[in-house]
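Here is the file my_file.txt (compact mmCIF, N, CA and C atoms).
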```txt
# COMPACT_ATOMS: atom_id res chain seq x y z
N MET A 1 0.83 -1.19 0.00
CA MET A 1 0.00 0.00 0.00
C MET A 1 0.87 1.25 0.00
N MET A 2 0.36 2.20 -0.68
CA MET A 2 1.06 3.45 -0.77
C MET A 2 0.48 4.43 0.27
N PRO A 3 1.36 5.18 0.95
CA PRO A 3 0.83 6.12 1.93
C PRO A 3 0.01 7.23 1.27
N LEU A 4 -0.91 7.76 2.05
CA LEU A 4 -1.77 8.81 1.51
C LEU A 4 -0.99 10.08 1.18
N LEU A 5 -0.10 10.43 2.05
CA LEU A 5 0.72 11.63 1.84
C LEU A 5 2.18 11.21 1.77
N PRO A 6 2.81 11.33 0.64
CA PRO A 6 4.22 10.93 0.55
C PRO A 6 5.13 11.98 1.21
N ILE A 7 5.36 11.85 2.49
CA ILE A 7 6.21 12.78 3.24
C ILE A 7 7.40 12.00 3.76
N SER A 8 8.55 12.54 3.54
CA SER A 8 9.75 11.87 4.04
C SER A 8 9.91 12.16 5.54
N LEU A 9 10.69 11.34 6.19
CA LEU A 9 10.94 11.50 7.62
C LEU A 9 11.61 12.83 7.91
N ASN A 10 12.51 13.28 7.07
CA ASN A 10 13.20 14.54 7.25
C ASN A 10 12.22 15.72 7.19
N GLN A 11 11.28 15.68 6.26
CA GLN A 11 10.29 16.73 6.16
C GLN A 11 9.38 16.76 7.38
N LEU A 12 9.05 15.60 7.87
CA LEU A 12 8.18 15.50 9.04
C LEU A 12 8.87 16.08 10.28
N LEU A 13 10.16 15.73 10.45
CA LEU A 13 10.89 16.25 11.60
C LEU A 13 11.13 17.75 11.51
N SER A 14 11.41 18.25 10.31
CA SER A 14 11.65 19.68 10.16
C SER A 14 10.38 20.48 10.40
N PHE A 15 9.24 19.87 10.23
CA PHE A 15 7.97 20.53 10.50
C PHE A 15 7.81 20.79 12.00
N PHE A 16 8.26 19.85 12.83
CA PHE A 16 8.08 19.96 14.27
C PHE A 16 9.20 20.73 14.97
N LEU A 17 10.32 20.87 14.31
CA LEU A 17 11.44 21.56 14.94
C LEU A 17 11.28 23.07 14.84
N ILE A 18 11.79 23.74 15.84
CA ILE A 18 11.75 25.20 15.85
C ILE A 18 13.06 25.70 15.27
N SER A 19 12.98 26.72 14.48
CA SER A 19 14.20 27.22 13.84
C SER A 19 15.10 27.91 14.87
N GLN A 20 16.37 27.97 14.56
CA GLN A 20 17.34 28.58 15.46
C GLN A 20 17.06 30.06 15.64
N LYS A 21 16.60 30.73 14.63
CA LYS A 21 16.28 32.15 14.70
C LYS A 21 15.16 32.40 15.71
N THR A 22 14.17 31.54 15.71
CA THR A 22 13.05 31.67 16.65
C THR A 22 13.52 31.46 18.08
N ILE A 23 14.38 30.48 18.29
CA ILE A 23 14.90 30.23 19.64
C ILE A 23 15.70 31.42 20.13
N VAL A 24 16.55 31.98 19.30
CA VAL A 24 17.37 33.14 19.69
C VAL A 24 16.47 34.33 20.00
N THR A 25 15.44 34.53 19.20
CA THR A 25 14.51 35.64 19.43
C THR A 25 13.80 35.49 20.78
N VAL A 26 13.32 34.30 21.06
CA VAL A 26 12.63 34.05 22.32
C VAL A 26 13.60 34.24 23.49
N LEU A 27 14.81 33.75 23.37
CA LEU A 27 15.79 33.91 24.44
C LEU A 27 16.14 35.38 24.68
N ILE A 28 16.25 36.15 23.63
CA ILE A 28 16.53 37.58 23.78
C ILE A 28 15.39 38.27 24.51
N ILE A 29 14.16 37.93 24.14
CA ILE A 29 13.00 38.53 24.82
C ILE A 29 12.99 38.17 26.29
N VAL A 30 13.27 36.92 26.62
CA VAL A 30 13.28 36.47 28.02
C VAL A 30 14.39 37.16 28.80
N VAL A 31 15.57 37.29 28.21
CA VAL A 31 16.69 37.95 28.89
C VAL A 31 16.39 39.41 29.13
N VAL A 32 15.81 40.09 28.16
CA VAL A 32 15.45 41.50 28.33
C VAL A 32 14.40 41.65 29.42
N PHE A 33 13.40 40.80 29.42
CA PHE A 33 12.34 40.86 30.43
C PHE A 33 12.90 40.69 31.84
N PHE A 34 13.72 39.67 32.04
CA PHE A 34 14.26 39.43 33.38
C PHE A 34 15.31 40.47 33.76
N SER A 35 15.99 41.04 32.79
CA SER A 35 16.93 42.13 33.09
C SER A 35 16.19 43.35 33.60
N ILE A 36 15.06 43.65 32.98
CA ILE A 36 14.24 44.78 33.43
C ILE A 36 13.74 44.51 34.85
N LEU A 37 13.27 43.30 35.11
CA LEU A 37 12.82 42.96 36.47
C LEU A 37 13.95 43.09 37.48
N LEU A 38 15.14 42.66 37.11
CA LEU A 38 16.29 42.75 38.01
C LEU A 38 16.65 44.20 38.30
N ILE A 39 16.67 45.03 37.28
CA ILE A 39 16.99 46.44 37.46
C ILE A 39 15.94 47.12 38.34
N LEU A 40 14.67 46.84 38.09
CA LEU A 40 13.61 47.41 38.93
C LEU A 40 13.74 46.94 40.38
N GLY A 41 14.11 45.69 40.59
CA GLY A 41 14.30 45.18 41.95
C GLY A 41 15.45 45.85 42.66
N VAL A 42 16.55 46.09 41.96
CA VAL A 42 17.70 46.77 42.57
C VAL A 42 17.34 48.20 42.92
N ILE A 43 16.62 48.89 42.05
CA ILE A 43 16.20 50.27 42.33
C ILE A 43 15.27 50.30 43.54
N LYS A 44 14.33 49.38 43.60
CA LYS A 44 13.39 49.32 44.73
C LYS A 44 14.13 49.01 46.02
N SER A 45 15.09 48.12 45.97
CA SER A 45 15.88 47.78 47.15
C SER A 45 16.66 48.99 47.64
N TYR A 46 17.24 49.75 46.72
CA TYR A 46 17.99 50.96 47.09
C TYR A 46 17.06 51.98 47.75
N LYS A 47 15.87 52.18 47.19
CA LYS A 47 14.92 53.14 47.77
C LYS A 47 14.47 52.69 49.17
N LEU A 48 14.22 51.38 49.33
CA LEU A 48 13.81 50.87 50.65
C LEU A 48 14.92 51.03 51.68
N LYS A 49 16.15 50.84 51.25
CA LYS A 49 17.29 50.99 52.16
C LYS A 49 17.39 52.44 52.63
N LYS A 50 17.25 53.40 51.70
CA LYS A 50 17.29 54.82 52.06
C LYS A 50 16.15 55.18 53.00
N GLU A 51 14.96 54.67 52.73
CA GLU A 51 13.81 54.95 53.58
C GLU A 51 14.01 54.36 54.98
N ASN A 52 14.58 53.17 55.05
CA ASN A 52 14.85 52.54 56.34
C ASN A 52 15.86 53.35 57.15
N GLU A 53 16.90 53.86 56.48
CA GLU A 53 17.89 54.69 57.17
C GLU A 53 17.24 55.98 57.68
N ARG A 54 16.36 56.57 56.88
CA ARG A 54 15.68 57.80 57.30
C ARG A 54 14.79 57.54 58.51
N LEU A 55 14.06 56.44 58.49
CA LEU A 55 13.19 56.11 59.62
C LEU A 55 13.99 55.77 60.87
N ASP A 56 15.13 55.11 60.71
CA ASP A 56 15.99 54.83 61.86
C ASP A 56 16.50 56.11 62.49
N LYS A 57 16.86 57.08 61.67
CA LYS A 57 17.34 58.36 62.18
C LYS A 57 16.23 59.09 62.94
N ILE A 58 15.02 59.07 62.39
CA ILE A 58 13.88 59.70 63.07
C ILE A 58 13.62 59.00 64.39
N SER A 59 13.71 57.69 64.40
CA SER A 59 13.47 56.92 65.62
C SER A 59 14.52 57.24 66.68
N GLU A 60 15.78 57.35 66.27
CA GLU A 60 16.84 57.71 67.22
C GLU A 60 16.63 59.12 67.77
N ASP A 61 16.24 60.05 66.91
CA ASP A 61 15.99 61.42 67.36
C ASP A 61 14.84 61.48 68.35
N MET A 62 13.80 60.71 68.11
CA MET A 62 12.66 60.69 69.03
C MET A 62 13.05 60.06 70.35
N ALA A 63 13.92 59.08 70.34
CA ALA A 63 14.34 58.42 71.57
C ALA A 63 15.21 59.35 72.42
N LYS A 64 15.95 60.26 71.76
CA LYS A 64 16.82 61.18 72.49
C LYS A 64 16.06 62.34 73.11
N GLN A 65 14.87 62.63 72.60
CA GLN A 65 14.10 63.74 73.15
C GLN A 65 13.67 63.43 74.58
N VAL A 66 13.77 64.45 75.41
CA VAL A 66 13.37 64.30 76.80
C VAL A 66 11.94 64.82 76.93
N ASP A 67 11.08 63.96 77.43
CA ASP A 67 9.69 64.38 77.63
C ASP A 67 9.59 65.07 78.98
N THR A 68 9.24 66.34 78.95
CA THR A 68 9.07 67.10 80.19
C THR A 68 7.64 66.93 80.67
N TYR A 69 7.48 67.04 81.95
CA TYR A 69 6.15 66.89 82.53
C TYR A 69 5.31 68.09 82.17
N LYS A 70 4.11 67.83 81.70
CA LYS A 70 3.19 68.91 81.35
C LYS A 70 1.99 68.79 82.28
N ASP A 71 1.71 69.87 82.97
CA ASP A 71 0.60 69.87 83.93
C ASP A 71 -0.71 69.91 83.15
N PHE A 72 -1.45 68.85 83.25
CA PHE A 72 -2.70 68.76 82.50
C PHE A 72 -3.87 69.34 83.27
N THR A 73 -3.67 69.78 84.52
CA THR A 73 -4.79 70.30 85.33
C THR A 73 -5.04 71.77 85.08
N GLU A 74 -4.30 72.40 84.19
CA GLU A 74 -4.50 73.81 83.93
C GLU A 74 -5.61 74.08 82.92
N GLY A 75 -6.29 73.08 82.53
CA GLY A 75 -7.35 73.25 81.53
C GLY A 75 -8.58 73.91 82.12
N HIS A 76 -9.50 74.32 81.28
CA HIS A 76 -10.71 75.00 81.72
C HIS A 76 -11.64 74.08 82.49
N MET A 77 -11.44 72.80 82.42
CA MET A 77 -12.31 71.85 83.06
C MET A 77 -12.22 71.93 84.58
N TYR A 78 -11.04 72.21 85.09
CA TYR A 78 -10.86 72.24 86.54
C TYR A 78 -10.97 73.66 87.09
N GLY A 79 -10.89 74.64 86.24
CA GLY A 79 -10.99 76.02 86.69
C GLY A 79 -9.72 76.48 87.40
N ASP A 80 -9.31 77.71 87.16
CA ASP A 80 -8.12 78.25 87.81
C ASP A 80 -8.52 78.97 89.09
N GLN A 81 -8.59 78.29 90.19
CA GLN A 81 -8.96 78.91 91.46
C GLN A 81 -7.86 78.81 92.47
```

Starting from the file, give its structure as structure tokens.
Amino acid sequence: MMPLLPISLNQLLSFFLISQKTIVTVLIIVVVFFSILLILGVIKSYKLKKENERLDKISEDMAKQVDTYKDFTEGHMYGDQ
């Protein structure tokens, strides 16, 4: 019996294989995408580090402040008599 479609094995395999140009294109797209993600992550990390240092400085400044006693009985509720 003769096959319905006379296709050689080489033609069949080349149909299923992806060309080298396509693979390189996909790899370039993936590398660019992950490079952008990496750069954005480094920038975000740098900003968070700066914000953390600023908050630590504010926290240290607040800890150094001396809270003086404030007389709360001088309000109008108790009357100045």

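CA of Val42 in chain A sits 21.0 Å away from CA of Asp56 in chain A.
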
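For the pair atom N of Gln20 in chain A and atom C of Val32 in chain A, the interatomic distance is 20.3 Å.
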
Point-to-point distance from CA of Glu60 in chain A to atom C of Tyr46 in chain A, Å rounded to tenths: 20.3 Å
